[in-house]
file target-v8.cif (mmCIF, C-alpha atoms (C1' of nucleotides))
data_entry
loop_
_atom_site.group_PDB
_atom_site.id
_atom_site.type_symbol
_atom_site.label_atom_id
_atom_site.label_comp_id
_atom_site.auth_asym_id
_atom_site.auth_seq_id
_atom_site.Cartn_x
_atom_site.Cartn_y
_atom_site.Cartn_z
ATOM 1 C CA MET A 165 0.000 0.000 0.000
ATOM 2 C CA SER A 166 1.425 3.326 -0.946
ATOM 3 C CA ARG A 167 1.717 6.096 1.550
ATOM 4 C CA VAL A 168 0.132 8.525 -0.875
ATOM 5 C CA GLN A 169 -3.070 6.520 -1.089
ATOM 6 C CA ASP A 170 -3.259 6.344 2.679
ATOM 7 C CA TRP A 171 -2.623 10.027 2.944
ATOM 8 C CA ILE A 172 -5.120 11.398 0.458
ATOM 9 C CA PRO A 173 -8.274 9.759 1.870
ATOM 10 C CA ALA A 174 -7.271 10.911 5.319
ATOM 11 C CA ILE A 175 -7.282 14.516 4.130
ATOM 12 C CA ASP A 176 -10.489 14.109 2.149
ATOM 13 C CA SER A 177 -12.339 12.615 5.082
ATOM 14 C CA GLY A 178 -11.223 15.396 7.318
ATOM 15 C CA LEU A 179 -10.226 12.927 10.026
ATOM 16 C CA HIS A 180 -6.823 14.510 10.418
ATOM 17 C CA SER A 181 -5.761 18.086 10.157
ATOM 18 C CA THR A 182 -2.272 19.178 9.314
ATOM 19 C CA SER A 183 -3.470 22.723 8.695
ATOM 20 C CA PRO A 184 -1.583 25.432 10.577
ATOM 21 C CA HIS A 185 -4.886 27.303 10.980
ATOM 22 C CA LYS A 186 -6.953 27.058 14.109
ATOM 23 C CA VAL A 187 -9.276 24.078 13.992
ATOM 24 C CA GLN A 188 -12.947 25.058 14.252
ATOM 25 C CA SER A 189 -14.501 23.962 17.494
ATOM 26 C CA THR A 190 -18.115 22.992 18.013
ATOM 27 C CA LEU A 191 -20.050 24.249 20.986
ATOM 28 C CA LYS A 192 -23.168 22.207 21.670
ATOM 29 C CA ILE A 193 -25.548 24.200 23.837
ATOM 30 C CA ALA A 194 -28.861 23.061 25.258
ATOM 31 C CA THR A 195 -31.794 24.038 27.419
ATOM 32 C CA TRP A 196 -34.076 21.761 29.413
ATOM 33 C CA ASN A 197 -36.818 22.410 31.936
ATOM 34 C CA VAL A 198 -36.352 19.296 34.086
ATOM 35 C CA ASN A 199 -39.341 19.877 36.431
ATOM 36 C CA SER A 200 -37.428 18.886 39.586
ATOM 37 C CA LEU A 201 -33.723 18.087 39.335
ATOM 38 C CA LYS A 202 -33.968 15.557 42.146
ATOM 39 C CA VAL A 203 -36.525 13.462 40.286
ATOM 40 C CA ARG A 204 -34.924 13.910 36.859
ATOM 41 C CA LEU A 205 -31.281 13.347 37.821
ATOM 42 C CA PRO A 206 -31.127 9.847 36.250
ATOM 43 C CA HIS A 207 -32.659 11.201 33.044
ATOM 44 C CA LEU A 208 -30.175 14.070 33.032
ATOM 45 C CA GLN A 209 -27.183 11.822 33.636
ATOM 46 C CA ASP A 210 -28.198 9.511 30.787
ATOM 47 C CA TRP A 211 -28.848 12.453 28.529
ATOM 48 C CA LEU A 212 -25.487 14.112 29.256
ATOM 49 C CA ALA A 213 -23.702 10.862 28.432
ATOM 50 C CA ALA A 214 -25.715 10.262 25.265
ATOM 51 C CA GLN A 215 -25.701 13.800 23.854
ATOM 52 C CA SER A 216 -22.367 15.013 25.160
ATOM 53 C CA PRO A 217 -23.321 18.710 25.209
ATOM 54 C CA ASP A 218 -20.849 21.443 26.155
ATOM 55 C CA VAL A 219 -23.307 23.735 27.930
ATOM 56 C CA VAL A 220 -26.697 22.874 29.448
ATOM 57 C CA CYS A 221 -29.156 25.367 30.906
ATOM 58 C CA LEU A 222 -31.636 23.862 33.343
ATOM 59 C CA GLN A 223 -34.884 25.311 34.645
ATOM 60 C CA GLU A 224 -37.272 24.313 37.423
ATOM 61 C CA THR A 225 -34.578 22.596 39.440
ATOM 62 C CA LYS A 226 -36.855 23.154 42.489
ATOM 63 C CA THR A 227 -33.787 22.711 44.672
ATOM 64 C CA GLU A 228 -32.251 25.082 47.196
ATOM 65 C CA ASP A 229 -28.528 25.656 46.657
ATOM 66 C CA ALA A 230 -27.454 23.787 49.820
ATOM 67 C CA LYS A 231 -29.148 20.635 48.489
ATOM 68 C CA PHE A 232 -27.974 20.910 44.871
ATOM 69 C CA CYS A 233 -26.554 17.579 43.626
ATOM 70 C CA LEU A 234 -23.217 19.103 42.630
ATOM 71 C CA ALA A 235 -21.167 15.906 43.058
ATOM 72 C CA ASP A 236 -23.448 13.967 40.693
ATOM 73 C CA ILE A 237 -23.165 16.665 38.036
ATOM 74 C CA GLU A 238 -19.382 16.817 38.414
ATOM 75 C CA GLN A 239 -19.219 13.047 38.117
ATOM 76 C CA SER A 240 -20.817 13.438 34.688
ATOM 77 C CA GLY A 241 -17.928 15.709 33.712
ATOM 78 C CA PHE A 242 -19.483 19.141 34.169
ATOM 79 C CA SER A 243 -18.845 22.127 36.306
ATOM 80 C CA CYS A 244 -21.902 23.975 37.394
ATOM 81 C CA CYS A 245 -23.326 27.213 38.701
ATOM 82 C CA PHE A 246 -26.853 27.438 40.049
ATOM 83 C CA SER A 247 -29.441 29.533 41.793
ATOM 84 C CA GLY A 248 -32.412 27.773 43.289
ATOM 85 C CA GLN A 249 -35.082 27.637 45.927
ATOM 86 C CA ARG A 250 -37.223 24.851 47.293
ATOM 87 C CA THR A 251 -40.487 23.840 45.591
ATOM 88 C CA TYR A 252 -40.487 26.423 42.805
ATOM 89 C CA ASN A 253 -38.265 27.819 40.063
ATOM 90 C CA GLY A 254 -34.482 27.365 40.148
ATOM 91 C CA VAL A 255 -31.945 27.586 37.311
ATOM 92 C CA ALA A 256 -28.488 26.162 36.603
ATOM 93 C CA ILE A 257 -25.782 26.215 33.952
ATOM 94 C CA LEU A 258 -23.718 23.060 33.427
ATOM 95 C CA SER A 259 -20.534 23.370 31.367
ATOM 96 C CA ARG A 260 -17.616 21.163 30.347
ATOM 97 C CA GLN A 261 -15.289 24.147 30.654
ATOM 98 C CA PRO A 262 -15.560 26.209 33.804
ATOM 99 C CA ALA A 263 -17.840 29.233 33.659
ATOM 100 C CA THR A 264 -16.700 32.744 34.559
ATOM 101 C CA GLU A 265 -18.492 36.025 35.302
ATOM 102 C CA VAL A 266 -21.426 34.267 36.933
ATOM 103 C CA GLN A 267 -24.432 36.560 37.349
ATOM 104 C CA ILE A 268 -27.432 35.556 39.428
ATOM 105 C CA GLY A 269 -30.703 37.330 38.755
ATOM 106 C CA ILE A 270 -31.294 40.457 36.690
ATOM 107 C CA PRO A 271 -29.043 43.206 38.078
ATOM 108 C CA GLY A 272 -31.028 45.834 39.947
ATOM 109 C CA TYR A 273 -34.240 43.762 39.908
ATOM 110 C CA GLU A 274 -35.120 42.433 43.328
ATOM 111 C CA ASP A 275 -36.998 39.201 42.739
ATOM 112 C CA PRO A 276 -37.215 36.388 45.307
ATOM 113 C CA GLN A 277 -38.055 33.972 42.469
ATOM 114 C CA LYS A 278 -34.872 32.334 41.175
ATOM 115 C CA ARG A 279 -35.325 32.568 37.418
ATOM 116 C CA VAL A 280 -32.077 33.882 35.913
ATOM 117 C CA ILE A 281 -28.435 32.864 35.841
ATOM 118 C CA ALA A 282 -25.775 33.961 33.361
ATOM 119 C CA ALA A 283 -22.161 32.969 32.843
ATOM 120 C CA THR A 284 -19.422 33.096 30.233
ATOM 121 C CA VAL A 285 -18.284 29.776 28.767
ATOM 122 C CA GLU A 286 -15.605 29.528 26.074
ATOM 123 C CA GLY A 287 -16.106 33.183 25.188
ATOM 124 C CA VAL A 288 -19.878 32.912 24.814
ATOM 125 C CA ARG A 289 -22.193 34.689 27.220
ATOM 126 C CA ILE A 290 -24.803 32.131 28.282
ATOM 127 C CA VAL A 291 -28.042 33.510 29.740
ATOM 128 C CA CYS A 292 -30.371 30.911 31.265
ATOM 129 C CA ILE A 293 -33.941 32.027 31.971
ATOM 130 C CA TYR A 294 -37.145 30.632 33.411
ATOM 131 C CA VAL A 295 -39.814 33.119 32.403
ATOM 132 C CA PRO A 296 -42.863 33.334 34.694
ATOM 133 C CA ASN A 297 -45.787 31.263 33.476
ATOM 134 C CA GLY A 298 -48.431 33.963 33.960
ATOM 135 C CA GLU A 299 -51.173 31.452 34.816
ATOM 136 C CA SER A 300 -53.830 33.226 32.735
ATOM 137 C CA VAL A 301 -54.233 36.625 31.134
ATOM 138 C CA THR A 302 -56.556 37.669 33.985
ATOM 139 C CA SER A 303 -54.230 36.514 36.763
ATOM 140 C CA ASP A 304 -52.070 38.838 38.885
ATOM 141 C CA LYS A 305 -49.179 36.720 37.650
ATOM 142 C CA TYR A 306 -49.736 37.898 34.080
ATOM 143 C CA PRO A 307 -48.662 41.548 34.599
ATOM 144 C CA TYR A 308 -45.732 40.204 36.656
ATOM 145 C CA LYS A 309 -44.742 38.108 33.635
ATOM 146 C CA LEU A 310 -44.902 41.087 31.260
ATOM 147 C CA ALA A 311 -42.983 43.367 33.669
ATOM 148 C CA TRP A 312 -40.400 40.635 34.173
ATOM 149 C CA LEU A 313 -39.916 40.311 30.406
ATOM 150 C CA GLU A 314 -39.418 44.087 30.133
ATOM 151 C CA ARG A 315 -36.735 44.015 32.812
ATOM 152 C CA LEU A 316 -35.063 41.081 31.079
ATOM 153 C CA THR A 317 -35.064 42.876 27.735
ATOM 154 C CA SER A 318 -33.575 46.096 29.148
ATOM 155 C CA TRP A 319 -30.827 44.160 30.896
ATOM 156 C CA LEU A 320 -30.034 42.105 27.776
ATOM 157 C CA ALA A 321 -29.653 45.283 25.722
ATOM 158 C CA GLU A 322 -26.791 46.233 28.048
ATOM 159 C CA GLU A 323 -25.435 42.724 28.248
ATOM 160 C CA LEU A 324 -25.185 42.517 24.451
ATOM 161 C CA ARG A 325 -22.995 45.625 24.382
ATOM 162 C CA THR A 326 -20.428 44.031 26.692
ATOM 163 C CA HIS A 327 -20.915 40.474 25.374
ATOM 164 C CA PRO A 328 -21.724 40.533 21.642
ATOM 165 C CA GLN A 329 -21.468 36.727 21.511
ATOM 166 C CA LEU A 330 -24.537 35.919 23.562
ATOM 167 C CA ALA A 331 -26.955 32.993 23.695
ATOM 168 C CA LEU A 332 -30.288 33.262 25.524
ATOM 169 C CA LEU A 333 -31.646 29.845 26.450
ATOM 170 C CA GLY A 334 -34.543 28.697 28.545
ATOM 171 C CA ASP A 335 -38.194 28.154 29.195
ATOM 172 C CA PHE A 336 -39.715 31.343 27.790
ATOM 173 C CA ASN A 337 -43.304 30.291 28.474
ATOM 174 C CA ILE A 338 -44.199 31.931 25.157
ATOM 175 C CA ALA A 339 -45.224 30.205 21.929
ATOM 176 C CA PRO A 340 -44.007 32.873 19.470
ATOM 177 C CA ASP A 341 -46.147 31.883 16.495
ATOM 178 C CA ASP A 342 -49.247 29.870 15.614
ATOM 179 C CA ARG A 343 -46.905 27.245 14.130
ATOM 180 C CA ASP A 344 -45.743 26.660 17.684
ATOM 181 C CA VAL A 345 -49.209 25.709 18.958
ATOM 182 C CA TYR A 346 -51.158 22.475 18.359
ATOM 183 C CA ASP A 347 -54.500 24.282 18.331
ATOM 184 C CA PRO A 348 -53.949 27.981 17.587
ATOM 185 C CA LYS A 349 -57.665 28.771 17.562
ATOM 186 C CA ALA A 350 -58.249 27.308 21.011
ATOM 187 C CA TRP A 351 -55.129 29.026 22.366
ATOM 188 C CA ALA A 352 -55.686 32.399 20.697
ATOM 189 C CA GLY A 353 -55.348 35.147 23.282
ATOM 190 C CA GLN A 354 -54.640 32.632 26.054
ATOM 191 C CA VAL A 355 -51.607 32.794 28.280
ATOM 192 C CA LEU A 356 -48.413 31.619 26.493
ATOM 193 C CA CYS A 357 -49.907 32.786 23.177
ATOM 194 C CA SER A 358 -51.380 36.222 23.911
ATOM 195 C CA GLU A 359 -50.394 39.196 21.813
ATOM 196 C CA PRO A 360 -48.580 41.088 24.615
ATOM 197 C CA GLU A 361 -46.449 38.007 25.303
ATOM 198 C CA ARG A 362 -45.662 37.538 21.627
ATOM 199 C CA GLN A 363 -44.767 41.230 21.394
ATOM 200 C CA ALA A 364 -42.410 40.770 24.343
ATOM 201 C CA PHE A 365 -40.770 37.902 22.454
ATOM 202 C CA GLN A 366 -40.552 40.123 19.390
ATOM 203 C CA ARG A 367 -38.783 42.808 21.426
ATOM 204 C CA LEU A 368 -36.127 40.236 22.297
ATOM 205 C CA LEU A 369 -35.653 39.576 18.579
ATOM 206 C CA GLU A 370 -35.408 43.325 18.010
ATOM 207 C CA LEU A 371 -32.292 43.312 20.196
ATOM 208 C CA GLY A 372 -30.724 41.404 17.312
ATOM 209 C CA LEU A 373 -31.397 37.967 18.739
ATOM 210 C CA VAL A 374 -32.356 35.167 16.360
ATOM 211 C CA ASP A 375 -34.614 32.164 17.052
ATOM 212 C CA SER A 376 -32.113 29.429 16.180
ATOM 213 C CA PHE A 377 -34.851 26.815 15.727
ATOM 214 C CA ARG A 378 -36.297 28.730 12.778
ATOM 215 C CA LEU A 379 -32.953 28.995 11.002
ATOM 216 C CA PHE A 380 -33.619 25.457 9.783
ATOM 217 C CA GLU A 381 -36.334 23.410 8.148
ATOM 218 C CA GLN A 382 -38.234 21.710 10.951
ATOM 219 C CA PRO A 383 -40.860 18.993 11.075
ATOM 220 C CA GLU A 384 -44.428 20.227 11.371
ATOM 221 C CA ARG A 385 -45.832 20.115 14.893
ATOM 222 C CA SER A 386 -42.444 20.622 16.541
ATOM 223 C CA TYR A 387 -43.045 21.320 20.219
ATOM 224 C CA THR A 388 -41.032 21.375 23.445
ATOM 225 C CA TRP A 389 -43.804 20.967 26.038
ATOM 226 C CA TRP A 390 -46.745 18.592 26.243
ATOM 227 C CA ASP A 391 -49.276 18.534 29.069
ATOM 228 C CA TYR A 392 -48.988 15.437 31.252
ATOM 229 C CA ARG A 393 -52.734 14.986 31.047
ATOM 230 C CA MET A 394 -54.887 13.505 28.298
ATOM 231 C CA ASN A 395 -52.004 11.688 26.580
ATOM 232 C CA MET A 396 -50.963 14.939 24.949
ATOM 233 C CA PHE A 397 -47.467 13.735 24.078
ATOM 234 C CA LYS A 398 -48.641 10.570 22.359
ATOM 235 C CA ARG A 399 -51.238 12.607 20.511
ATOM 236 C CA LYS A 400 -48.484 15.034 19.429
ATOM 237 C CA LEU A 401 -50.355 18.000 20.942
ATOM 238 C CA GLY A 402 -47.973 20.495 22.487
ATOM 239 C CA LEU A 403 -46.450 23.947 22.435
ATOM 240 C CA ARG A 404 -43.005 25.257 21.512
ATOM 241 C CA ILE A 405 -42.124 27.425 24.503
ATOM 242 C CA ASP A 406 -38.457 26.555 25.140
ATOM 243 C CA HIS A 407 -36.043 28.455 22.948
ATOM 244 C CA ILE A 408 -32.434 29.150 22.059
ATOM 245 C CA LEU A 409 -31.927 32.715 20.823
ATOM 246 C CA LEU A 410 -28.553 33.730 19.393
ATOM 247 C CA SER A 411 -27.037 37.183 19.043
ATOM 248 C CA ALA A 412 -26.326 38.475 15.524
ATOM 249 C CA PRO A 413 -22.603 37.540 15.606
ATOM 250 C CA LEU A 414 -23.424 34.050 16.887
ATOM 251 C CA ALA A 415 -26.381 33.186 14.641
ATOM 252 C CA PRO A 416 -24.268 32.545 11.493
ATOM 253 C CA THR A 417 -22.240 29.964 13.429
ATOM 254 C CA CYS A 418 -25.322 27.860 14.164
ATOM 255 C CA ARG A 419 -25.208 24.484 12.380
ATOM 256 C CA SER A 420 -28.340 22.885 13.800
ATOM 257 C CA CYS A 421 -31.141 23.291 16.291
ATOM 258 C CA LEU A 422 -33.276 20.337 17.346
ATOM 259 C CA VAL A 423 -35.837 19.264 19.916
ATOM 260 C CA ASP A 424 -34.891 15.972 21.586
ATOM 261 C CA ARG A 425 -38.282 14.314 22.064
ATOM 262 C CA ASP A 426 -36.770 11.015 23.266
ATOM 263 C CA MET A 427 -36.515 12.262 26.848
ATOM 264 C CA ARG A 428 -40.227 13.120 26.874
ATOM 265 C CA ALA A 429 -41.036 9.558 25.787
ATOM 266 C CA ARG A 430 -39.236 7.975 28.723
ATOM 267 C CA GLU A 431 -40.757 6.729 31.953
ATOM 268 C CA ARG A 432 -41.496 9.481 34.453
ATOM 269 C CA PRO A 433 -40.471 12.261 32.087
ATOM 270 C CA SER A 434 -40.275 15.996 32.521
ATOM 271 C CA ASP A 435 -43.167 17.599 30.647
ATOM 272 C CA HIS A 436 -40.543 19.539 28.637
ATOM 273 C CA ALA A 437 -38.066 18.167 26.093
ATOM 274 C CA PRO A 438 -34.503 19.477 25.708
ATOM 275 C CA VAL A 439 -33.620 21.831 22.848
ATOM 276 C CA VAL A 440 -30.089 21.565 21.437
ATOM 277 C CA ALA A 441 -28.126 23.879 19.129
ATOM 278 C CA GLU A 442 -24.669 23.347 17.646
ATOM 279 C CA LEU A 443 -22.384 26.316 17.070
ATOM 280 C CA ALA A 444 -19.213 26.187 14.959
ATOM 281 C CA LEU A 445 -16.996 28.766 16.607
ATOM 282 C "C1'" DA B 1348 -67.933 24.178 33.091
ATOM 283 C "C1'" DT B 1349 -64.417 21.187 35.217
ATOM 284 C "C1'" DG B 1350 -60.480 18.309 35.439
ATOM 285 C "C1'" DG B 1351 -57.489 15.545 33.436
ATOM 286 C "C1'" DC B 1352 -50.937 14.630 35.492
ATOM 287 C "C1'" DG B 1353 -47.135 15.186 38.264
ATOM 288 C "C1'" DG B 1354 -44.186 17.386 41.749
ATOM 289 C "C1'" DC B 1355 -44.187 19.636 45.890
ATOM 290 C "C1'" DT B 1356 -45.143 20.321 50.994
ATOM 291 C "C1'" DC B 1357 -43.628 19.085 58.463
ATOM 292 C "C1'" DG B 1358 -49.118 15.966 53.022
ATOM 293 C "C1'" DC B 1359 -53.158 12.460 54.293
ATOM 294 C "C1'" DA B 1360 -55.516 17.895 50.415
ATOM 295 C "C1'" DG B 1361 -54.251 21.760 48.097
ATOM 296 C "C1'" DC B 1362 -51.111 24.614 45.425
ATOM 297 C "C1'" DC B 1363 -48.783 25.250 41.126
ATOM 298 C "C1'" DG B 1364 -47.303 24.415 36.564
ATOM 299 C "C1'" DA B 1365 -48.588 25.440 31.289
#
call {"tool": "encode", "arguments": {"input": "target-v8.cif", "output": "structure tokens"}}
result
Amino acid sequence: MSRVQDWIPAIDSGLHSTSPHKVQSTLKIATWNVNSLKVRLPHLQDWLAAQSPDVVCLQETKTEDAKFCLADIEQSGFSCCFSGQRTYNGVAILSRQPATEVQIGIPGYEDPQKRVIAATVEGVRIVCIYVPNGESVTSDKYPYKLAWLERLTSWLAEELRTHPQLALLGDFNIAPDDRDVYDPKAWAGQVLCSEPERQAFQRLLELGLVDSFRLFEQPERSYTWWDYRMNMFKRKLGLRIDHILLSAPLAPTCRSCLVDRDMRARERPSDHAPVVAELAL
DNA sequence: ATGGCGGCTCGCAGCCGA
């Protein structure tokens, strides 16, 4: 066998690089509302091993910081920063490489509900959010949701100036478009789909953020949440409310964005599925 | 019109999520 014939296929297949230029690196980022980290830890561990992401944003950990299962996460090969409380809310960022510049909450916004954590990983500003649900458009929680989204948007405008490479991941509790809803007529004007909420989502896009999921052709009826009741998952009736938004400099690096429905099909699942995007930095 | 499932709490029923 000649050396030349061995050599050429190796270059063509891209398996080896002798280029003096910097090799492109892939950053696989994800978001997942786990609906209790304690209950979903086995699912998470399996998923981390199977998917091998670089950064994972978690919501609804429902765990106070003193009881956070840090050792288990580290055993899976991740470092971690988190901000939680018992029973409700709670967010975390898992990363292969250690995170720096960790920010808990929206600066200057006193909120006992733990819904925001941000950190820098491999030069990318990662912002993990759990947007208030709102309950219904007539609930007191609805104006809280809209005010919260305004505060988030103002803060992100600043954050983008200091961190142009920014990814906003999380449970937005907003279905941005009728495509993102299994029954748009029934949901019209309802919480998660109401016009003020969709306008709030639009204002995030107006910061220059891009909905990475819609950069690609996607199957019809792509959702990220399905109600536990009435066999909604099996009937493929859900909403797309978990999102990965990318800043203008980051969006062109996005190679894929997918919903991983497998986790929702497992025994004792979270009602949300993970969303995963790959960036070629 | 209501609840339907699942997780939580010093639980044995009620709150909350979406």
call {"tool": "resolve_selection", "arguments": {"input": "target-v8.cif", "expression": "the PyMOL selection byres ((chain B) within 8 of (chain A))", "output": "mmCIF file with C-alpha atoms (C1' of nucleotides), in the frame of the given file"}}
result
data_model
loop_
_atom_site.group_PDB
_atom_site.id
_atom_site.type_symbol
_atom_site.label_atom_id
_atom_site.label_comp_id
_atom_site.auth_asym_id
_atom_site.auth_seq_id
_atom_site.Cartn_x
_atom_site.Cartn_y
_atom_site.Cartn_z
ATOM 1 C "C1'" DG B 1351 -57.489 15.545 33.436
ATOM 2 C "C1'" DC B 1352 -50.937 14.630 35.492
ATOM 3 C "C1'" DG B 1353 -47.135 15.186 38.264
ATOM 4 C "C1'" DG B 1354 -44.186 17.386 41.749
ATOM 5 C "C1'" DC B 1355 -44.187 19.636 45.890
ATOM 6 C "C1'" DT B 1356 -45.143 20.321 50.994
ATOM 7 C "C1'" DG B 1364 -47.303 24.415 36.564
ATOM 8 C "C1'" DA B 1365 -48.588 25.440 31.289
#
call {"tool": "atom_distance", "arguments": {"input": "target-v8.cif", "atom1": "atom CA of A:Pro296", "atom2": "atom CA of A:Pro276"}}
result
12.4 Å
call {"tool": "resolve_selection", "arguments": {"input": "target-v8.cif", "expression": "the PyMOL selection byres ((chain A and resi 328) around 9)", "output": "list in words"}}
result
Val288, Arg289, Glu323, Leu324, Arg325, Thr326, His327, Gln329, Leu330, Ser411, Ala412, Pro413 and Leu414 of chain A
call {"tool": "resolve_selection", "arguments": {"input": "target-v8.cif", "expression": "the PyMOL selection byres ((chain A and resi 442) around 7)", "output": "list in words"}}
result
Thr190, Leu191, Lys192, Ile193, Cys418, Arg419, Ser420, Cys421, Val440, Ala441, Leu443 and Ala444 of chain A
call {"tool": "atom_distance", "arguments": {"input": "target-v8.cif", "atom1": "atom CA of A:Asp406", "atom2": "atom CA of A:Thr388"}}
result
6.0 Å
call {"tool": "residues_around", "arguments": {"input": "target-v8.cif", "residues": "A:Phe336", "least_positions_apart": "2", "cutoff": "10 Å", "atoms": "only C-alpha atoms (C1' of nucleotides)", "output": "PyMOL selection string"}}
result
chain A and resi 292-297+313+332-334+338-340+356+361+365+404-408
